[in-house]
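Peer 1: Okay, handing you the structure first.
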Amino acid sequence: MYVCSCFGITEQQVKQHAENGACTPRQIASACKAGTDCGGCVRRIQALLGRGACPRRELIDRGAPALAQLPSRPSAPRELGDAA
């Protein structure tokens, strides 16, 4: 069944993109353009993705951080005239 008639994207294609890591309608749009023309399919894409379709979302639901913490940035070098 077609989800996005503007670009001819099927439910199976959306599901395949989700299996490959596209967790949000925006990521689906980046993968295949679905949802970027008239927007009529965005709610259907959201329904296909559902809850738990993304491993990161499962982490968030459990209260774990979704992104790895960034390493701390070294402090900027001081100017010659700055007081220590």
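In the structure tokens, chains take letters A, B, ... by order of appearance, with residues numbered from 1 within each chain and ligands from 1 in the order shown.
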Give me the residues near Pro25 in chain A as a list in words, where near means some atom within 10 Å (using only C-alpha atoms) and where sequence neighbours in that chain fewer than 6 positions away do not count.
Peer 2: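 Result of the neighbour search: Val14, Ala18, Ala31, Lys33, Ala34, Gly35, Thr36, Cys41, Val42, Arg43, Arg44, Ile45, Gln46, Ala47, Leu48 and Leu49 of chain A.
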Peer 1: Give me the residues within 9 Å of Tyr2 in chain A as a short mmCIF file (atom, residue, chain, number, x, y, z; two decimals) with C-alpha atoms, in the first residue's frame, counting only C-alpha atoms and dropping any in the same chain fewer than 5 places off.
Peer 2:
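Writing done, so here's result_17.cif:
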data_model
loop_
_atom_site.label_atom_id
_atom_site.label_comp_id
_atom_site.auth_asym_id
_atom_site.auth_seq_id
_atom_site.Cartn_x
_atom_site.Cartn_y
_atom_site.Cartn_z
CA GLY A 8 5.42 6.58 -4.69
CA ILE A 9 6.69 5.35 -1.31
CA THR A 10 5.09 2.21 0.10
CA GLU A 11 4.54 1.05 3.67
CA GLN A 12 7.19 -1.62 3.13
#
Peer 1: Give me, please, the distance in Å between CA of Cys38 in chain A and CA of Glu19 in chain A, quoted to one decimal.
Peer 2: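 So the answer is 24.7 Å.
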Peer 1: How many Å lie between CA of Gln27 in chain A and CA of Ser5 in chain A, rounded to one decimal?
Peer 2: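 Between CA of Gln27 in chain A and CA of Ser5 in chain A the gap is 18.1 Å.
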Peer 1: Can you work out the spacing between CA of Asp37 in chain A and CA of Lys15 in chain A in Å, to one decimal?
Peer 2: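 CA of Lys15 in chain A lies 19.6 Å from CA of Asp37 in chain A.
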